[in-house]
file input-v2.txt (compact mmCIF, C-alpha atoms and all ligand atoms)
# COMPACT_ATOMS: atom_id res chain seq x y z
CA MET A 26 56.17 123.23 192.55
CA ALA A 27 57.33 120.75 195.26
CA PRO A 28 57.75 117.17 193.96
CA MET A 29 54.88 115.86 196.12
CA VAL A 30 52.53 118.62 194.96
CA LEU A 31 53.61 118.00 191.39
CA ALA A 32 52.93 114.27 191.79
CA LEU A 33 49.47 114.97 193.22
CA ALA A 34 48.73 117.41 190.42
CA LEU A 35 49.81 114.80 187.87
CA CYS A 36 47.58 112.16 189.51
CA ALA A 37 44.67 114.59 189.45
CA ALA A 38 45.32 115.39 185.80
CA LEU A 39 45.51 111.68 184.93
CA ALA A 40 42.29 110.98 186.82
CA ALA A 41 40.58 113.83 184.96
CA THR A 42 41.88 112.42 181.65
CA ALA A 43 40.60 108.97 182.58
CA VAL A 44 37.15 110.39 183.30
CA ALA A 45 37.17 112.41 180.08
CA ALA A 46 38.21 109.34 178.07
CA GLU A 47 35.26 107.27 179.34
CA PRO A 48 33.21 106.69 176.18
CA ALA A 49 29.71 108.12 176.25
CA ALA A 50 26.89 105.58 176.16
CA PRO A 51 25.63 105.15 172.59
CA ALA A 52 22.52 107.17 171.73
CA LYS A 53 19.47 104.89 171.55
CA ILE A 54 17.80 105.75 168.24
CA ILE A 55 14.49 104.96 166.55
CA LEU A 56 14.59 106.35 162.98
CA ASP A 57 11.34 107.08 161.13
CA VAL A 58 11.85 107.41 157.36
CA ASP A 59 9.72 108.14 154.30
CA MET A 60 12.38 106.59 152.04
CA ALA A 61 10.72 106.64 148.60
CA GLU A 62 10.27 109.96 146.88
CA ASP A 63 13.61 111.48 147.93
CA VAL A 64 16.93 109.77 148.54
CA ASP A 65 18.27 111.52 151.63
CA ASP A 66 16.41 109.04 153.84
CA ALA A 67 18.75 106.35 152.51
CA GLY A 68 21.71 108.60 153.26
CA ALA A 69 20.38 109.23 156.77
CA LEU A 70 20.08 105.50 157.45
CA ALA A 71 23.65 105.01 156.19
CA VAL A 72 24.95 107.76 158.48
CA LEU A 73 23.12 106.18 161.42
CA HIS A 74 24.76 102.81 160.71
CA ALA A 75 28.18 104.48 160.44
CA LEU A 76 27.63 106.12 163.83
CA ALA A 77 26.54 102.76 165.26
CA ASP A 78 29.74 101.20 163.85
CA ARG A 79 31.67 103.84 165.81
CA GLY A 80 29.89 102.94 169.05
CA GLU A 81 28.06 106.28 169.12
CA ALA A 82 24.56 104.98 168.37
CA GLU A 83 22.41 101.94 169.03
CA ILE A 84 19.73 101.38 166.39
CA LEU A 85 16.58 100.22 168.19
CA GLY A 86 14.40 100.15 165.10
CA VAL A 87 13.44 101.74 161.79
CA LEU A 88 9.90 102.96 161.09
CA VAL A 89 8.53 103.59 157.60
CA CYS A 90 5.94 106.36 157.22
CA SER A 91 5.56 106.37 153.43
CA LYS A 92 3.02 104.13 151.71
CA ASN A 93 4.99 101.96 149.32
CA GLU A 94 5.50 98.20 149.47
CA TRP A 95 9.18 98.44 148.55
CA VAL A 96 10.36 100.91 151.17
CA ALA A 97 10.70 98.49 154.08
CA PRO A 98 12.53 95.88 151.92
CA CYS A 99 14.91 98.63 150.75
CA ALA A 100 15.58 99.72 154.35
CA ASP A 101 16.06 96.05 155.26
CA ALA A 102 18.65 95.75 152.46
CA ILE A 103 20.58 98.73 153.83
CA ASN A 104 20.46 97.30 157.38
CA THR A 105 21.69 93.98 155.98
CA TRP A 106 24.57 95.64 154.09
CA TYR A 107 25.70 97.19 157.36
CA GLY A 108 25.60 93.84 159.15
CA ARG A 109 22.41 94.53 161.12
CA PRO A 110 19.81 92.35 159.35
CA ASN A 111 17.79 92.00 162.54
CA VAL A 112 17.01 95.67 163.17
CA PRO A 113 13.21 95.67 163.60
CA ILE A 114 11.24 97.53 160.92
CA GLY A 115 7.71 98.89 161.31
CA TYR A 116 5.39 100.08 158.53
CA GLN A 117 2.67 102.77 158.62
CA ARG A 118 -0.97 101.73 158.60
CA SER A 119 -2.61 105.07 159.17
CA HIS A 120 -2.25 107.88 156.67
CA VAL A 121 -5.00 110.26 157.69
CA PHE A 122 -5.43 113.36 155.60
CA GLY A 123 -3.04 115.76 154.04
CA TYR A 124 -1.73 117.62 151.06
CA LYS A 125 -0.77 114.69 148.84
CA ASN A 126 -3.45 112.26 149.90
CA ALA A 127 -6.45 114.48 150.65
CA LYS A 128 -8.48 112.96 147.84
CA ASP A 129 -7.02 109.49 148.06
CA PRO A 130 -5.88 108.23 151.46
CA GLN A 131 -4.54 105.14 149.66
CA HIS A 132 -2.19 107.32 147.60
CA GLU A 133 1.13 105.55 147.24
CA THR A 134 4.37 107.46 147.61
CA PRO A 135 6.13 106.90 144.29
CA SER A 136 9.82 106.04 144.17
CA ASN A 137 12.33 105.61 141.38
CA TYR A 138 14.75 103.57 143.47
CA VAL A 139 13.37 101.49 146.37
CA GLU A 140 12.05 98.58 144.28
CA LYS A 141 15.20 98.36 142.14
CA VAL A 142 17.49 98.40 145.17
CA ALA A 143 15.39 95.90 147.14
CA LYS A 144 15.39 93.51 144.16
CA ALA A 145 19.16 93.85 143.68
CA CYS A 146 20.37 93.54 147.30
CA PRO A 147 20.11 90.75 149.88
CA HIS A 148 17.46 91.15 152.59
CA LYS A 149 14.62 89.21 154.21
CA LEU A 150 11.50 91.41 154.24
CA GLN A 151 9.49 90.78 151.07
CA LYS A 152 7.09 93.71 151.26
CA SER A 153 6.44 96.65 153.57
CA SER A 154 3.09 95.33 154.76
CA ASP A 155 4.82 92.17 156.03
CA ALA A 156 6.36 94.42 158.72
CA PRO A 157 4.46 95.09 161.95
CA ASP A 158 2.51 98.30 162.52
CA ALA A 159 5.04 101.07 163.09
CA ALA A 160 3.24 102.68 166.05
CA LEU A 161 2.84 99.32 167.82
CA LEU A 162 6.47 98.42 167.13
CA ALA A 163 7.53 101.79 168.57
CA ARG A 164 5.53 100.98 171.75
CA LYS A 165 7.38 97.68 172.08
CA LEU A 166 10.79 99.28 171.49
CA LEU A 167 10.13 102.11 173.95
CA ALA A 168 8.72 99.86 176.67
CA ALA A 169 11.91 97.77 176.67
CA GLN A 170 14.19 100.77 177.32
CA PRO A 171 15.08 102.72 180.48
CA ASP A 172 13.06 105.85 181.22
CA GLY A 173 14.14 109.01 179.40
CA SER A 174 16.69 107.17 177.27
CA VAL A 175 15.38 107.02 173.69
CA THR A 176 15.82 109.57 170.91
CA ILE A 177 13.26 109.37 168.10
CA VAL A 178 14.44 110.84 164.79
CA SER A 179 11.80 111.51 162.16
CA VAL A 180 12.90 112.41 158.65
CA GLY A 181 9.56 111.97 156.92
CA PHE A 182 5.85 112.53 157.53
CA LEU A 183 4.49 112.42 161.07
CA THR A 184 1.95 109.65 160.39
CA ASN A 185 3.62 107.11 162.68
CA LEU A 186 4.39 109.48 165.54
CA ALA A 187 0.81 110.78 165.64
CA ALA A 188 -0.39 107.17 165.61
CA LEU A 189 2.04 106.38 168.44
CA LEU A 190 0.56 109.16 170.60
CA ASP A 191 -2.92 107.75 169.86
CA THR A 192 -2.10 104.16 170.91
CA ARG A 193 -3.98 102.66 173.83
CA PRO A 194 -2.60 100.58 176.74
CA ASP A 195 -1.88 97.01 175.66
CA GLU A 196 0.11 93.93 176.66
CA VAL A 197 3.34 95.84 175.95
CA SER A 198 2.65 98.67 178.41
CA PRO A 199 -0.17 99.82 180.69
CA LEU A 200 0.54 103.38 179.50
CA ASP A 201 -1.19 105.05 176.57
CA GLY A 202 0.97 106.44 173.77
CA GLU A 203 1.44 109.93 175.18
CA ALA A 204 2.35 108.67 178.65
CA LEU A 205 4.73 106.05 177.24
CA VAL A 206 6.50 108.64 175.07
CA LYS A 207 6.74 111.03 178.02
CA GLN A 208 8.30 108.30 180.17
CA LYS A 209 10.77 106.77 177.69
CA VAL A 210 11.73 109.46 175.17
CA LYS A 211 14.60 111.83 175.88
CA GLU A 212 14.13 113.93 172.76
CA TRP A 213 12.37 113.90 169.40
CA VAL A 214 14.55 115.18 166.59
CA CYS A 215 12.37 116.15 163.64
CA MET A 216 13.51 117.05 160.14
CA GLY A 217 10.81 119.41 159.02
CA GLY A 218 9.46 122.93 159.06
CA VAL A 219 10.63 126.37 158.05
CA PHE A 220 12.18 128.38 160.88
CA PRO A 221 11.35 130.83 162.11
CA GLU A 222 9.10 131.93 159.21
CA GLY A 223 6.85 128.85 159.21
CA SER A 224 6.37 128.75 155.44
CA PHE A 225 8.23 129.39 152.21
CA PRO A 226 7.87 132.68 150.32
CA GLY A 227 4.52 132.18 148.60
CA GLY A 228 2.98 130.53 151.63
CA ALA A 229 3.61 126.81 151.16
CA GLY A 230 4.49 124.63 154.12
CA GLU A 231 7.47 122.29 154.31
CA TYR A 232 6.97 118.85 152.70
CA ASN A 233 7.25 116.61 155.77
CA PHE A 234 4.77 118.75 157.71
CA MET A 235 2.43 119.13 154.74
CA TYR A 236 2.18 115.53 153.52
CA ASP A 237 0.00 114.13 156.31
CA THR A 238 -1.21 117.41 157.75
CA VAL A 239 -3.54 116.10 160.42
CA ALA A 240 -0.79 113.83 161.72
CA SER A 241 1.61 116.80 161.84
CA VAL A 242 -0.83 118.82 163.92
CA ARG A 243 -1.38 115.97 166.37
CA ALA A 244 2.28 114.92 166.71
CA ILE A 245 3.90 118.35 166.97
CA ASN A 246 1.33 120.22 169.01
CA ASP A 247 0.86 117.42 171.57
CA TRP A 248 4.31 115.78 171.82
CA PRO A 249 5.17 115.53 175.53
CA THR A 250 9.01 115.71 175.49
CA PRO A 251 11.64 118.17 174.24
CA VAL A 252 11.69 118.45 170.43
CA VAL A 253 14.48 119.77 168.23
CA PHE A 254 13.71 120.58 164.59
CA SER A 255 16.25 120.47 161.82
CA GLY A 256 14.35 122.80 159.54
CA PHE A 257 14.45 122.93 155.75
CA ALA A 258 17.31 125.45 155.52
CA ILE A 259 19.78 123.42 157.60
CA GLY A 260 19.99 120.47 155.22
CA ALA A 261 19.28 122.48 152.06
CA ALA A 262 22.65 124.20 152.47
CA ILE A 263 24.55 120.88 152.43
CA LYS A 264 24.88 118.57 149.44
CA VAL A 265 26.33 115.05 149.58
CA GLY A 266 26.10 111.74 147.76
CA ALA A 267 28.41 111.90 144.73
CA ARG A 268 31.29 110.40 146.69
CA LEU A 269 29.30 107.18 147.14
CA SER A 270 30.92 106.37 143.77
CA GLU A 271 34.02 105.51 145.86
CA THR A 272 32.10 102.69 147.61
CA PRO A 273 31.45 99.19 146.21
CA GLU A 274 28.78 98.82 143.52
CA ALA A 275 27.04 96.32 145.81
CA ASN A 276 26.41 99.06 148.39
CA PRO A 277 22.60 99.55 148.40
CA VAL A 278 22.97 103.20 149.49
CA ARG A 279 25.17 103.88 146.46
CA GLN A 280 22.50 102.17 144.34
CA CYS A 281 19.77 104.38 145.85
CA TYR A 282 21.64 107.54 144.78
CA GLN A 283 22.54 105.93 141.44
CA HIS A 284 18.88 105.33 140.53
CA TYR A 285 17.67 108.56 142.11
CA ASN A 286 20.00 111.10 140.52
CA GLY A 287 22.85 109.29 138.76
CA LEU A 288 25.08 109.37 141.85
CA THR A 289 25.28 113.14 142.13
CA ASN A 290 25.00 115.30 145.22
CA ARG A 291 21.64 115.80 146.89
CA GLU A 292 20.54 118.01 149.78
CA ALA A 293 21.34 116.49 153.19
CA TRP A 294 18.12 117.33 155.06
CA ASP A 295 17.62 113.93 156.71
CA LEU A 296 21.32 113.30 157.39
CA THR A 297 21.57 116.45 159.52
CA ALA A 298 18.79 115.28 161.82
CA VAL A 299 20.53 111.93 162.42
CA LEU A 300 23.89 113.56 163.10
CA TYR A 301 22.37 116.01 165.59
CA ALA A 302 20.36 113.24 167.28
CA VAL A 303 23.49 111.17 167.92
CA ARG A 304 26.17 113.79 168.58
CA GLY A 305 24.19 116.84 169.70
CA ALA A 306 24.77 120.36 168.45
CA GLY A 307 28.49 120.42 169.39
CA ASN A 308 30.24 123.13 167.40
CA LEU A 309 28.15 122.32 164.31
CA TRP A 310 24.93 124.12 165.18
CA LYS A 311 23.31 126.44 167.67
CA ARG A 312 20.03 125.53 169.33
CA SER A 313 17.41 128.27 169.15
CA GLU A 314 15.62 129.81 172.08
CA GLN A 315 12.90 127.65 173.63
CA GLY A 316 9.47 127.96 172.07
CA PHE A 317 6.42 126.34 170.50
CA CYS A 318 6.33 125.16 166.89
CA LEU A 319 2.58 125.55 166.49
CA MET A 320 1.19 123.57 163.56
CA HIS A 321 -1.70 125.01 161.59
CA ALA A 322 -4.13 122.83 159.67
CA LYS A 323 -6.24 125.49 158.01
CA VAL A 324 -4.01 128.44 157.06
CA SER A 325 -2.31 126.27 154.46
CA HIS A 326 -1.23 122.66 154.59
CA GLY A 327 1.79 122.11 156.79
CA VAL A 328 2.46 125.69 157.87
CA ASN A 329 4.17 126.05 161.22
CA GLU A 330 4.37 129.14 163.41
CA TRP A 331 7.25 129.79 165.80
CA ILE A 332 6.19 131.21 169.13
CA PRO A 333 9.04 131.90 171.58
CA THR A 334 7.89 130.76 175.02
CA PRO A 335 9.38 128.89 177.97
CA ALA A 336 6.06 127.02 178.23
CA LYS A 337 6.97 124.57 175.44
CA GLN A 338 10.15 122.54 174.99
CA HIS A 339 10.68 123.04 171.24
CA ARG A 340 13.89 124.35 169.67
CA TYR A 341 15.26 124.48 166.13
CA LEU A 342 18.79 124.22 164.80
CA GLN A 343 20.62 127.29 163.56
CA GLU A 344 23.80 127.33 161.48
CA LEU A 345 27.11 127.69 163.30
CA MET A 346 29.80 125.73 161.43
CA PRO A 347 29.89 126.53 157.68
CA PRO A 348 27.51 124.08 155.95
CA ALA A 349 30.27 122.85 153.62
CA ASP A 350 32.27 121.70 156.66
CA VAL A 351 29.24 119.92 158.15
CA GLY A 352 28.88 118.32 154.73
CA LYS A 353 32.39 116.91 154.92
CA ILE A 354 31.58 115.26 158.27
CA LEU A 355 28.37 113.78 156.85
CA GLU A 356 30.09 112.65 153.66
CA ALA A 357 32.83 110.82 155.58
CA LEU A 358 30.15 108.90 157.51
CA LEU A 359 28.06 108.29 154.37
CA ILE A 360 30.89 106.58 152.48
CA ALA A 361 32.55 104.84 155.44
CA PRO A 362 32.71 101.07 154.83
CA PRO A 363 30.55 99.01 157.19
CA LYS A 364 32.48 97.59 160.15
CA GLY A 365 34.19 94.39 159.06
CA LYS A 366 33.75 95.02 155.30
CA CA B 401 12.73 112.07 154.18
call {"tool": "encode", "arguments": {"input": "input-v2.txt", "output": "structure tokens"}}
result
Amino acid sequence: MAPMVLALALCAALAATAVAAEPAAPAKIILDVDMAEDVDDAGALAVLHALADRGEAEILGVLVCSKNEWVAPCADAINTWYGRPNVPIGYQRSHVFGYKNAKDPQHETPSNYVEKVAKACPHKLQKSSDAPDAALLARKLLAAQPDGSVTIVSVGFLTNLAALLDTRPDEVSPLDGEALVKQKVKEWVCMGGVFPEGSFPGGAGEYNFMYDTVASVRAINDWPTPVVFSGFAIGAAIKVGARLSETPEANPVRQCYQHYNGLTNREAWDLTAVLYAVRGAGNLWKRSEQGFCLMHAKVSHGVNEWIPTPAKQHRYLQELMPPADVGKILEALLIAPPKGK
């Protein structure tokens, strides 16, 4: 190669490197949790903070879909531990009808850890119902962002997202909920469902879809943007949490796992959804063919049916990397010290 050609080739290679090294804009994330009955919501919030510490995510807000006065304070304590005490938190006001609360819409989601952790760790929010309505907060957060820029990650029931679709135009936006979501949301990443079967052997639906069934039907069947589901099997194959014992005792996420299961490993359902939402499928997962995750209300609570069709923008994650290796990635984020600690 002539020296001049070589020099040009080198310049081109350097320019390409410079372009490749340009950091991607952080993913704008709203995380909707049912932190209460299970502990992986706490792990998911920790992973999201770790990704934010690495410049990969921007946390716009946290929504709480479970009915329990200690969930929002517990989430607030985790946000505070990670140095983000001002992340807005919204709380559900609208459980409709479902498997757990069919007879009692006021049914509280029990928890063996949120109250203990909230009482032990610094935070500001005194009770969940002190937080604004989750659907109205989501409107405010979405309206302030560029079009097509926000990823919503739900790792609990679909109470808040159904309520968001049902919101009416207000001072925040002249658009109704569906139109606002369509304009601002890039993708909804949903932990839930059984794919492609739609139910477990025996016929039961997946917990997140089943809990507030009417909300699931409304949110999933009518959602106006692409949706990617991290179904039950994806996170069930990965177990993390025990290594939180390597983090300080003051870490509220460590305390959540401590109270929940004595600081042992737990399935990583919710953590997988956060990781996919921020980093994409990469070499961790495959995305299924395009289709429609049709929710049924009557067959059995929370049963979904997978219908391959280009007419709907739903996909679900499929295993690619061995789950144990995905687990190592999640674990490293879960136990990473907060930036500056
Ligand atoms: Ca959850």
call {"tool": "atom_distance", "arguments": {"input": "input-v2.txt", "atom1": "CA of Leu76 in chain A", "atom2": "CA of Leu296 in chain A"}}
result
11.5 Å
call {"tool": "atom_distance", "arguments": {"input": "input-v2.txt", "atom1": "CA of Gly307 in chain A", "atom2": "CA of Asp63 in chain A"}}
result
27.6 Å
call {"tool": "closest_residue", "arguments": {"input": "input-v2.txt", "among": "A:Ala261, A:Ala229, A:Leu73, A:Met216", "to": "ligand CA 401 (chain B)", "atoms": "all atoms listed in the file"}}
result
A:Met216
call {"tool": "residues_near_ligand", "arguments": {"input": "input-v2.txt", "ligand": "ligand CA 401 (chain B)", "cutoff": "12 Å", "atoms": "all atoms listed in the file", "output": "PyMOL selection string"}}
result
chain A and resi 56-70+88-91+96+134+178-183+215-217+231-234+236+255+257+260+292-299
call {"tool": "atom_distance", "arguments": {"input": "input-v2.txt", "atom1": "CA of Val139 in chain A", "atom2": "CA of Cys99 in chain A"}}
result
5.5 Å
call {"tool": "residues_around", "arguments": {"input": "input-v2.txt", "residues": "range 272-275 of chain A", "least_positions_apart": "6", "cutoff": "8 Å", "atoms": "only C-alpha atoms", "output": "PDB file with C-alpha atoms, in the frame of the given file"}}
result
ATOM      1  CA  CYS A 146      20.370  93.540 147.300  1.00  0.00           C
ATOM      2  CA  ILE A 360      30.890 106.580 152.480  1.00  0.00           C
ATOM      3  CA  PRO A 362      32.710 101.070 154.830  1.00  0.00           C
TER       4      PRO A 362
END
call {"tool": "residues_around", "arguments": {"input": "input-v2.txt", "residues": "Gly218 in chain A", "least_positions_apart": "3", "cutoff": "10 Å", "atoms": "all atoms listed in the file", "output": "JSON, numbers by chain"}}
result
{"A": [215, 221, 222, 223, 224, 225, 230, 231, 232, 233, 234, 235, 254, 255, 256, 257, 258, 318, 320, 327, 328, 329, 330, 331, 341]}
call {"tool": "closest_atom_pairs", "arguments": {"input": "input-v2.txt", "of": "range 225-270 of chain A", "to": "range 187-204 of chain A", "cutoff": "12 Å", "atoms": "all atoms listed in the file", "output": "Markdown table"}}
result
| residue | atom | partner | partner_atom | distance |
| --- | --- | --- | --- | --- |
| A:Phe234 | CA | A:Ala187 | CA | 11.9 |
| A:Asp237 | CA | A:Ala187 | CA | 9.9 |
| A:Thr238 | CA | A:Ala187 | CA | 10.5 |
| A:Val239 | CA | A:Ala187 | CA | 8.6 |
| A:Ala240 | CA | A:Ala187 | CA | 5.2 |
| A:Ser241 | CA | A:Ala187 | CA | 7.2 |
| A:Val242 | CA | A:Ala187 | CA | 8.4 |
| A:Arg243 | CA | A:Ala187 | CA | 5.7 |
| A:Ala244 | CA | A:Ala187 | CA | 4.5 |
| A:Ile245 | CA | A:Ala187 | CA | 8.3 |
| A:Asn246 | CA | A:Ala187 | CA | 10.0 |
| A:Asp247 | CA | A:Leu190 | CA | 8.3 |
| A:Trp248 | CA | A:Glu203 | CA | 7.3 |
| A:Pro249 | CA | A:Glu203 | CA | 6.7 |
| A:Thr250 | CA | A:Glu203 | CA | 9.5 |
call {"tool": "residues_around", "arguments": {"input": "input-v2.txt", "residues": "Pro333 in chain A", "least_positions_apart": "3", "cutoff": "7 Å", "atoms": "all atoms listed in the file", "output": "mmCIF file with C-alpha atoms, in the coordinates of the input"}}
result
data_model
loop_
_atom_site.group_PDB
_atom_site.id
_atom_site.type_symbol
_atom_site.label_atom_id
_atom_site.label_comp_id
_atom_site.auth_asym_id
_atom_site.auth_seq_id
_atom_site.Cartn_x
_atom_site.Cartn_y
_atom_site.Cartn_z
ATOM 1 C CA GLU A 314 15.620 129.810 172.080
ATOM 2 C CA GLN A 315 12.900 127.650 173.630
ATOM 3 C CA GLY A 316 9.470 127.960 172.070
ATOM 4 C CA PHE A 317 6.420 126.340 170.500
#
call {"tool": "closest_residue", "arguments": {"input": "input-v2.txt", "among": "A:Thr289, A:Asn93, A:Asn104, A:Asn276", "to": "Asp155 in chain A", "atoms": "all atoms listed in the file"}}
result
A:Asn93
call {"tool": "residues_around", "arguments": {"input": "input-v2.txt", "residues": "Gly86 in chain A", "least_positions_apart": "4", "cutoff": "8 Å", "atoms": "all atoms listed in the file", "output": "PyMOL selection string"}}
result
chain A and resi 54-56+112-115+163+166
